[in-house]
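Engineer: The structure's right below; bear with me while I get my questions together.
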Amino acid sequence: MRASELRSAWTNFFVERGHTAVPSSSLIPTHPSAPMFTNSGMMQFVPYFLGEEPVPFDPRRATSVQRCVRAGGKHNDLDAIGRSLRHLSFFEMLGNFSFGDYFKAEAIPWAWEMVTEVLGIDGDRVWVTVHESDDEAEDIWADAVGVPRDRIQRLGKDNFWEMGETGPCGPSSELFFDFGPEWGPDGGPANPAAEERYVEFYNNVFPQYFRRADGSLTDLENRGIDVGAGLERILGVLAGSPSLYVADSLATLVDEAQGVTGHRLGESDLGDIALRLLADHTRTMTFLIADGVIPSNEDRGYVLRRIIRRAIRFAYLLDVETPVCPPLVERCIDVMGDDYPEIVNGRDLVLGIVSREEDRFRQTLRTGSQTLDTELDKLDEGGTLPGAVAFQLHDTYGFPLEVTQEVAELRGFGVDRPGFEAAMTEQRERAKAGRKGGGAASEDAMAEYQRILAEHGPTVFTGREEESTTA
Ligand code: ATP
Ligand code: MG
Ligand code: MG
Ligand code: MG
């Protein structure tokens, strides 16, 4: 099944059941309780759950296909990207919602009908989890739907969903697909060692509380239903693959990444991670910029900058000299533009921004790499790069510590990380003293300036305007 078919199958099913189809909202959420990025379908509906705005749907139901980014805050999957086969930093969430209307007795059988009849997934390979306190949900799954009780498991905090540090939340009930013994031990989703085998693809949340900033819970004005099902996870299940990179736009982007890097999946671990990461990060940067995020040194812009740089970093590790972001972004717009006109409209903006970021960061990488190579040449075999040198690369050229480590490792060297941290702390203290003190510290700063000038000449520092805590 293609993504576009799945989106319409989902939407039609819920529209036939009285839901209003609502378009995806921006990745930049508006509600004060929201985290940095839209990370789930329910986020645009928060005011309805809270009773802050009248529910404009009659009946009080909605369905959506929401673009989501999980790259910051409570749901942050960024570190797993490329390594995890089932986590993306950008993905689409299929949803159906009730705001004080239907509840578990309708939502649970509909979920089963959707999964087994509309999507044709083999129900015998689906496992269910419910919250440890939720007899009601378990009974509906067992008695009304007919799922055998030995495939229904009770979990604690994994079956309590929260939007962010604050916001609506509640117990949940999830569906997992069993990819079979070649993917791990049995025992169902309750077995943490089997998470590659039982892949979660569908979450029924029963929002009933609001988490306040002090951690306490209050009751929601409109409790109801909040379903979030991963579009790419379902495409994976339908394709018989626990890897989401078989889903159409991702498969196309992996292919494009192969073309751009000259590496192919299956050649090496680093290559596989890089190809998947390039495919994933391309979608994330494209959609974030189209939704109005600009690379910067703080907040959302900083996360975006890290994502762009991480993609370039991995291409760089594969020795790719030519720009990778622009061709990948073009391809992303080609394959997803029909479904998301905002990226077509934003094409020039997105391409302009990624090209500029890539040019600047590549310059940083080049200058830093030369210095790093010279320093590594000085070491004995298997030696360790002093922390002070790693710090200088970071501080003067904006050369990320992770890159230093990766390059050093590829050549069989280590990096003195505690030494790096110490140099960093020392510099912070000096800066603090400088801000407080005046005289002596500014002389220090002046001496440091003279030293840099002597070492590098009065040229423009390409590394200087890069952020100092790079990804
Ligand atoms: P996981 O436990 O696999 O990290 P989750 O419990 O964090 O997933 P939910 O917050 O319940 O996910 O989100 C609802 C659905 O969205 C999930 O059941 C899954 O299908 C999908 N999903 C969540 N995170 C991702 C991701 N990083 N990439 C792709 N799909 C995701
Ligand atoms: Mg998660
Ligand atoms: Mg989960
Ligand atoms: Mg979940």
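Labels for the structure tokens follow display order: chains A, B, ..., residues from 1 in each chain, ligands from 1.
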DSSP on the backbone: what in region 64-103 of chain A comes out strand (DSSP E), as an NGL selection string?
Structural biologist: :A and (64-69 or 71-72 or 75-76 or 90-99)
Engineer: Do you know which residues are at most 7 Å from region 24-38 of chain A counting only C-alpha atoms, after dropping those on the same chain fewer than 5 positions away, and could you put them as a ChimeraX atom specification?
Structural biologist: /A:43-44,64-69,72-73,164,166-167,288,291,300
Engineer: According to DSSP computed on the backbone, where in region 343-403 of chain A is there helix (DSSP H, G or I)? Give the residues as a short mmCIF file (atom, residue, chain, number, x, y, z; two decimals) with N, CA and C atoms, in the first residue's frame.
Structural biologist:
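Saved as states33.cif:
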```cif
data_model
loop_
_atom_site.label_atom_id
_atom_site.label_comp_id
_atom_site.auth_asym_id
_atom_site.auth_seq_id
_atom_site.Cartn_x
_atom_site.Cartn_y
_atom_site.Cartn_z
N ILE A 343 5.14 22.26 1.05
CA ILE A 343 6.56 22.13 0.71
C ILE A 343 6.83 22.53 -0.74
N VAL A 344 5.80 22.43 -1.58
CA VAL A 344 5.97 22.91 -2.96
C VAL A 344 6.05 24.43 -2.94
N ASN A 345 5.15 25.05 -2.20
CA ASN A 345 5.19 26.51 -2.09
C ASN A 345 6.48 27.01 -1.45
N ARG A 347 9.42 25.64 -1.69
CA ARG A 347 10.59 25.07 -2.34
C ARG A 347 11.81 26.00 -2.34
N ASP A 348 11.65 27.23 -2.82
CA ASP A 348 12.81 28.13 -2.95
C ASP A 348 13.40 28.45 -1.58
N LEU A 349 12.51 28.67 -0.63
CA LEU A 349 12.96 28.99 0.72
C LEU A 349 13.77 27.82 1.29
N VAL A 350 13.20 26.62 1.19
CA VAL A 350 13.87 25.44 1.77
C VAL A 350 15.23 25.22 1.09
N LEU A 351 15.23 25.27 -0.23
CA LEU A 351 16.49 25.03 -0.94
C LEU A 351 17.54 26.09 -0.62
N GLY A 352 17.09 27.34 -0.56
CA GLY A 352 18.01 28.43 -0.25
C GLY A 352 18.64 28.24 1.12
N ILE A 353 17.82 27.91 2.09
CA ILE A 353 18.33 27.78 3.46
C ILE A 353 19.27 26.58 3.60
N VAL A 354 18.86 25.43 3.07
CA VAL A 354 19.75 24.28 3.25
C VAL A 354 21.06 24.45 2.47
N SER A 355 20.99 25.10 1.31
CA SER A 355 22.23 25.30 0.54
C SER A 355 23.20 26.18 1.32
N ARG A 356 22.66 27.25 1.88
CA ARG A 356 23.52 28.17 2.61
C ARG A 356 24.11 27.50 3.86
N GLU A 357 23.27 26.78 4.60
CA GLU A 357 23.75 26.08 5.79
C GLU A 357 24.83 25.08 5.42
N GLU A 358 24.59 24.37 4.32
CA GLU A 358 25.55 23.33 3.95
C GLU A 358 26.88 23.95 3.52
N ASP A 359 26.84 25.04 2.74
CA ASP A 359 28.09 25.69 2.32
C ASP A 359 28.90 26.12 3.53
N ARG A 360 28.22 26.77 4.46
CA ARG A 360 28.94 27.28 5.64
C ARG A 360 29.51 26.14 6.48
N PHE A 361 28.69 25.12 6.68
CA PHE A 361 29.16 24.05 7.56
C PHE A 361 30.27 23.23 6.91
N ARG A 362 30.20 23.08 5.60
CA ARG A 362 31.27 22.35 4.92
C ARG A 362 32.59 23.10 5.02
N GLN A 363 32.52 24.42 4.93
CA GLN A 363 33.72 25.23 5.11
C GLN A 363 34.31 24.98 6.51
N THR A 364 33.43 24.99 7.50
CA THR A 364 33.85 24.71 8.87
C THR A 364 34.51 23.33 8.97
N LEU A 365 33.88 22.35 8.35
CA LEU A 365 34.41 20.99 8.41
C LEU A 365 35.77 20.91 7.73
N ARG A 366 35.92 21.60 6.59
CA ARG A 366 37.19 21.55 5.87
C ARG A 366 38.32 22.15 6.69
N THR A 367 38.08 23.36 7.20
CA THR A 367 39.14 24.04 7.95
C THR A 367 39.50 23.23 9.18
N GLY A 368 38.47 22.78 9.90
CA GLY A 368 38.72 22.00 11.12
C GLY A 368 39.42 20.69 10.81
N SER A 369 39.03 20.05 9.73
CA SER A 369 39.61 18.74 9.40
C SER A 369 41.11 18.82 9.17
N GLN A 370 41.53 19.91 8.48
CA GLN A 370 42.96 20.04 8.22
C GLN A 370 43.72 20.11 9.53
N THR A 371 43.23 20.94 10.44
CA THR A 371 43.89 21.05 11.75
C THR A 371 43.85 19.71 12.47
N LEU A 372 42.70 19.05 12.44
CA LEU A 372 42.58 17.77 13.13
C LEU A 372 43.56 16.75 12.55
N ASP A 373 43.66 16.68 11.24
CA ASP A 373 44.59 15.73 10.62
C ASP A 373 46.02 15.99 11.07
N THR A 374 46.40 17.27 11.08
CA THR A 374 47.75 17.62 11.51
C THR A 374 47.97 17.15 12.95
N GLU A 375 46.99 17.37 13.81
CA GLU A 375 47.13 16.97 15.21
C GLU A 375 47.18 15.45 15.35
N LEU A 376 46.35 14.75 14.59
CA LEU A 376 46.34 13.28 14.68
C LEU A 376 47.66 12.70 14.17
N ASP A 377 48.27 13.36 13.17
CA ASP A 377 49.56 12.89 12.65
C ASP A 377 50.63 12.89 13.73
N GLY A 387 42.34 16.66 25.16
CA GLY A 387 41.06 17.37 25.24
C GLY A 387 41.18 18.83 24.82
N ALA A 388 42.33 19.44 25.14
CA ALA A 388 42.50 20.86 24.82
C ALA A 388 42.46 21.08 23.30
N VAL A 389 43.01 20.11 22.55
CA VAL A 389 43.01 20.25 21.09
C VAL A 389 41.58 20.11 20.55
N ALA A 390 40.87 19.10 21.07
CA ALA A 390 39.47 18.91 20.65
C ALA A 390 38.68 20.17 20.97
N PHE A 391 38.99 20.76 22.11
CA PHE A 391 38.26 21.97 22.50
C PHE A 391 38.59 23.14 21.57
N GLN A 392 39.85 23.26 21.23
CA GLN A 392 40.24 24.36 20.34
C GLN A 392 39.52 24.24 18.98
N LEU A 393 39.45 23.01 18.48
CA LEU A 393 38.75 22.78 17.21
C LEU A 393 37.30 23.22 17.30
N HIS A 394 36.72 22.88 18.43
CA HIS A 394 35.32 23.19 18.66
C HIS A 394 35.12 24.70 18.83
N ASP A 395 36.02 25.29 19.59
CA ASP A 395 35.86 26.68 19.96
C ASP A 395 36.22 27.63 18.81
N THR A 396 37.30 27.30 18.11
CA THR A 396 37.78 28.21 17.08
C THR A 396 37.08 27.99 15.75
N TYR A 397 36.86 26.71 15.40
CA TYR A 397 36.29 26.42 14.07
C TYR A 397 34.84 25.99 14.13
N LEU A 401 32.51 18.20 18.50
CA LEU A 401 33.25 17.15 19.21
C LEU A 401 32.95 15.77 18.62
N GLU A 402 31.68 15.55 18.28
CA GLU A 402 31.30 14.24 17.72
C GLU A 402 32.07 13.95 16.44
N VAL A 403 32.28 14.97 15.63
CA VAL A 403 33.02 14.76 14.39
C VAL A 403 34.47 14.43 14.71
#
```
Engineer: So that each row is one residue of region 107-189 of chain A with an atom at most 12 Å from region 242-262 of chain A, can you give its shortest atom pair and the distance in Å to one decimal, using only C-alpha atoms, rows by chain and rising number, as JSON lines?
Structural biologist:
```
{"residue": "A:Phe176", "atom": "CA", "partner": "A:Pro242", "partner_atom": "CA", "distance": 11.2}
{"residue": "A:Phe177", "atom": "CA", "partner": "A:Pro242", "partner_atom": "CA", "distance": 9.1}
{"residue": "A:Asp178", "atom": "CA", "partner": "A:Pro242", "partner_atom": "CA", "distance": 9.4}
{"residue": "A:Phe179", "atom": "CA", "partner": "A:Pro242", "partner_atom": "CA", "distance": 7.0}
{"residue": "A:Gly180", "atom": "CA", "partner": "A:Pro242", "partner_atom": "CA", "distance": 10.3}
{"residue": "A:Glu182", "atom": "CA", "partner": "A:Pro242", "partner_atom": "CA", "distance": 11.3}
{"residue": "A:Trp183", "atom": "CA", "partner": "A:Pro242", "partner_atom": "CA", "distance": 8.8}
{"residue": "A:Gly184", "atom": "CA", "partner": "A:Pro242", "partner_atom": "CA", "distance": 11.8}
```
Engineer: Between A:Ile234, A:Leu119, A:Leu304, A:Ala80, which has the minimum distance to Leu277 (chain A) (counting only C-alpha atoms)?
Structural biologist: A:Ala80
Engineer: Around ligand 4, at most 12 Å away and counting only C-alpha atoms and all ligand atoms, which residues are there? Put them as JSON, numbers by chain, please.
Structural biologist: {"A": [39, 40, 75, 87, 93, 128, 129, 130, 131, 155, 157, 158, 159, 160, 161, 162, 163, 170, 171, 172, 173, 174, 175, 176, 189, 199, 200, 201, 202, 203, 204, 205, 226, 227, 228, 229, 230, 233]}
Engineer: Can those selected residues be exported to a file as an mmCIF file, in the first residue's frame so that it contains N, CA and C atoms?
Structural biologist:
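Result written to selection-v9.cif:
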```cif
data_model
loop_
_atom_site.group_PDB
_atom_site.id
_atom_site.type_symbol
_atom_site.label_atom_id
_atom_site.label_comp_id
_atom_site.auth_asym_id
_atom_site.auth_seq_id
_atom_site.Cartn_x
_atom_site.Cartn_y
_atom_site.Cartn_z
ATOM 1 N N ASN A 39 4.104 16.934 18.091
ATOM 2 C CA ASN A 39 4.618 15.566 18.142
ATOM 3 C C ASN A 39 3.512 14.523 18.114
ATOM 4 N N SER A 40 2.263 14.968 17.919
ATOM 5 C CA SER A 40 1.153 14.019 17.858
ATOM 6 C C SER A 40 -0.058 14.705 17.239
ATOM 7 N N HIS A 75 9.215 13.795 23.853
ATOM 8 C CA HIS A 75 9.329 12.722 22.861
ATOM 9 C C HIS A 75 10.463 13.086 21.911
ATOM 10 N N HIS A 87 12.173 4.255 14.302
ATOM 11 C CA HIS A 87 12.008 5.626 14.762
ATOM 12 C C HIS A 87 12.464 6.611 13.696
ATOM 13 N N MET A 93 1.151 10.926 11.630
ATOM 14 C CA MET A 93 0.322 10.207 12.582
ATOM 15 C C MET A 93 -1.139 10.260 12.136
ATOM 16 N N VAL A 128 -2.022 -6.781 22.241
ATOM 17 C CA VAL A 128 -2.650 -5.591 22.804
ATOM 18 C C VAL A 128 -2.061 -5.320 24.182
ATOM 19 N N THR A 129 -1.810 -4.059 24.478
ATOM 20 C CA THR A 129 -1.458 -3.708 25.858
ATOM 21 C C THR A 129 -2.506 -2.735 26.404
ATOM 22 N N VAL A 130 -2.754 -2.843 27.705
ATOM 23 C CA VAL A 130 -3.647 -1.881 28.370
ATOM 24 C C VAL A 130 -2.965 -1.425 29.658
ATOM 25 N N HIS A 131 -3.448 -0.319 30.197
ATOM 26 C CA HIS A 131 -2.869 0.168 31.449
ATOM 27 C C HIS A 131 -3.206 -0.796 32.579
ATOM 28 N N LEU A 155 0.490 -3.003 31.270
ATOM 29 C CA LEU A 155 1.746 -2.293 31.527
ATOM 30 C C LEU A 155 1.470 -1.037 32.357
ATOM 31 N N LYS A 157 3.772 2.570 33.164
ATOM 32 C CA LYS A 157 3.939 3.900 32.558
ATOM 33 C C LYS A 157 3.957 3.878 31.026
ATOM 34 N N ASP A 158 4.287 2.722 30.411
ATOM 35 C CA ASP A 158 4.229 2.644 28.943
ATOM 36 C C ASP A 158 2.799 2.769 28.426
ATOM 37 N N ASN A 159 1.848 2.533 29.302
ATOM 38 C CA ASN A 159 0.455 2.707 28.887
ATOM 39 C C ASN A 159 -0.178 3.924 29.532
ATOM 40 N N PHE A 160 0.632 4.945 29.702
ATOM 41 C CA PHE A 160 0.104 6.240 30.135
ATOM 42 C C PHE A 160 0.723 7.279 29.221
ATOM 43 N N TRP A 161 -0.097 7.896 28.370
ATOM 44 C CA TRP A 161 0.457 8.791 27.354
ATOM 45 C C TRP A 161 0.394 10.247 27.796
ATOM 46 N N GLU A 162 1.467 10.978 27.526
ATOM 47 C CA GLU A 162 1.493 12.412 27.819
ATOM 48 C C GLU A 162 2.007 13.165 26.602
ATOM 49 N N MET A 163 1.400 14.309 26.345
ATOM 50 C CA MET A 163 1.792 15.104 25.187
ATOM 51 C C MET A 163 3.184 15.706 25.354
ATOM 52 N N GLY A 170 -3.362 10.599 29.643
ATOM 53 C CA GLY A 170 -4.276 9.582 30.144
ATOM 54 C C GLY A 170 -3.785 8.190 29.846
ATOM 55 N N PRO A 171 -4.482 7.188 30.396
ATOM 56 C CA PRO A 171 -4.097 5.800 30.130
ATOM 57 C C PRO A 171 -4.301 5.471 28.650
ATOM 58 N N SER A 172 -3.580 4.452 28.185
ATOM 59 C CA SER A 172 -3.666 4.135 26.772
ATOM 60 C C SER A 172 -3.753 2.631 26.569
ATOM 61 N N SER A 173 -4.022 2.254 25.345
ATOM 62 C CA SER A 173 -4.061 0.848 24.985
ATOM 63 C C SER A 173 -3.456 0.740 23.597
ATOM 64 N N GLU A 174 -2.399 -0.076 23.462
ATOM 65 C CA GLU A 174 -1.633 -0.054 22.218
ATOM 66 C C GLU A 174 -1.673 -1.387 21.482
ATOM 67 N N LEU A 175 -1.459 -1.297 20.183
ATOM 68 C CA LEU A 175 -1.393 -2.494 19.348
ATOM 69 C C LEU A 175 0.033 -2.686 18.837
ATOM 70 N N PHE A 176 0.466 -3.939 18.864
ATOM 71 C CA PHE A 176 1.817 -4.299 18.430
ATOM 72 C C PHE A 176 1.715 -5.408 17.400
ATOM 73 N N PRO A 189 4.853 -7.725 23.916
ATOM 74 C CA PRO A 189 5.431 -6.389 24.096
ATOM 75 C C PRO A 189 5.867 -6.101 25.535
ATOM 76 N N VAL A 199 6.399 -4.698 17.292
ATOM 77 C CA VAL A 199 6.522 -3.283 16.968
ATOM 78 C C VAL A 199 5.183 -2.574 17.180
ATOM 79 N N GLU A 200 5.234 -1.559 18.027
ATOM 80 C CA GLU A 200 4.026 -0.771 18.305
ATOM 81 C C GLU A 200 3.644 0.031 17.059
ATOM 82 N N PHE A 201 2.374 -0.001 16.696
ATOM 83 C CA PHE A 201 1.964 0.793 15.534
ATOM 84 C C PHE A 201 0.695 1.587 15.752
ATOM 85 N N TYR A 202 0.017 1.419 16.895
ATOM 86 C CA TYR A 202 -1.314 2.028 17.038
ATOM 87 C C TYR A 202 -1.559 2.309 18.506
ATOM 88 N N ASN A 203 -1.809 3.547 18.832
ATOM 89 C CA ASN A 203 -2.012 3.900 20.239
ATOM 90 C C ASN A 203 -3.386 4.522 20.451
ATOM 91 N N ASN A 204 -4.208 3.867 21.287
ATOM 92 C CA ASN A 204 -5.498 4.441 21.681
ATOM 93 C C ASN A 204 -5.293 5.119 23.028
ATOM 94 N N VAL A 205 -5.373 6.435 23.050
ATOM 95 C CA VAL A 205 -5.231 7.127 24.339
ATOM 96 C C VAL A 205 -6.625 7.523 24.825
ATOM 97 N N ASP A 226 -8.238 9.766 21.852
ATOM 98 C CA ASP A 226 -7.144 10.343 21.071
ATOM 99 C C ASP A 226 -6.362 9.164 20.517
ATOM 100 N N VAL A 227 -6.592 8.845 19.259
ATOM 101 C CA VAL A 227 -5.872 7.725 18.647
ATOM 102 C C VAL A 227 -4.733 8.272 17.811
ATOM 103 N N GLY A 228 -3.561 7.658 17.948
ATOM 104 C CA GLY A 228 -2.426 8.004 17.104
ATOM 105 C C GLY A 228 -1.812 6.739 16.553
ATOM 106 N N ALA A 229 -1.851 6.601 15.243
ATOM 107 C CA ALA A 229 -1.262 5.416 14.614
ATOM 108 C C ALA A 229 -0.211 5.893 13.624
ATOM 109 N N GLY A 230 0.959 5.257 13.663
ATOM 110 C CA GLY A 230 2.053 5.705 12.809
ATOM 111 C C GLY A 230 1.845 5.262 11.368
ATOM 112 N N ARG A 233 4.778 3.176 10.269
ATOM 113 C CA ARG A 233 4.809 1.864 10.936
ATOM 114 C C ARG A 233 3.804 0.923 10.290
#
```
Engineer: Smallest atom-to-atom distance to Val55 (chain A): which of A:Ala239, A:Ile307, A:Asn222, A:Val329, using only C-alpha atoms?
Structural biologist: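 So, comparing all the options, the nearest one is A:Asn222.
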Engineer: Which residue is closest to ligand 1? Choose from A:Arg125, A:Arg70, A:His281, A:His19 and count only C-alpha atoms and all ligand atoms.
Structural biologist: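 Looking at the shortest contact to ligand 1, the residue is A:Arg70.
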Engineer: Would you mind telling me which residue in A:Leu6, A:Met42, A:Tyr48, A:Tyr198 lies nearest to ligand 3 when using only C-alpha atoms and all ligand atoms?
Structural biologist: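 Nearest candidate to ligand 3 out of A:Leu6, A:Met42, A:Tyr48, A:Tyr198: A:Tyr198.
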Engineer: Report, in Å with one decimal, the straight-line distance from CA of Val335 (chain A) to CA of Asp79 (chain A).
Structural biologist: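 Interatomic distance, CA of Val335 (chain A) to CA of Asp79 (chain A): 25.7 Å.
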Engineer: Would you compute the distance between CA of His263 (chain A) and CA of Val324 (chain A)? Give it in Å to one decimal.
Structural biologist: 12.9 Å
Engineer: Restricting the calculation to only C-alpha atoms, which member of A:Ile273, A:Ala137, A:Met1, A:Val145 is positioned closest to Gly120 (chain A)?
Structural biologist: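 Looking only at the distances to Gly120 (chain A), the closest residue turns out to be A:Met1.
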Engineer: Show me, as a PyMOL selection string, the residues that have an atom within 8 Å of Thr20 (chain A) when counting only C-alpha atoms, minus same-chain residues fewer than 2 positions from it.
Structural biologist: chain A and resi 15+18+22+57+61-63
Engineer: Check the smallest atom-to-atom distance from each of A:Glu298, A:Asp380, A:Asp143, A:Glu196 to ligand 1 using only C-alpha atoms and all ligand atoms, then report the winner.
Structural biologist: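 Ranking A:Glu298, A:Asp380, A:Asp143, A:Glu196 by distance to ligand 1, first place goes to A:Glu196.
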Engineer: Do you know which residues are at most 8 Å from Asp101 (chain A) counting only C-alpha atoms, after dropping those on the same chain fewer than 5 positions away, and could you put them as a PDB file with C-alpha atoms, in the first residue's frame?
Structural biologist:
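After the write, part-v9.pdb holds the following:
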```
ATOM      1  CA  PRO A  59     -20.848  15.128  16.319  1.00  0.00           C
ATOM      2  CA  ARG A  60     -17.831  16.064  18.432  1.00  0.00           C
ATOM      3  CA  ARG A  61     -15.372  13.916  16.441  1.00  0.00           C
ATOM      4  CA  GLY A 224     -12.575  11.327  25.158  1.00  0.00           C
TER       5      GLY A 224
END
```
Engineer: Using Å and a single decimal, report how far CA of Arg197 (chain A) sits from CA of Phe314 (chain A).
Structural biologist: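 These two atoms are separated by 27.9 Å.
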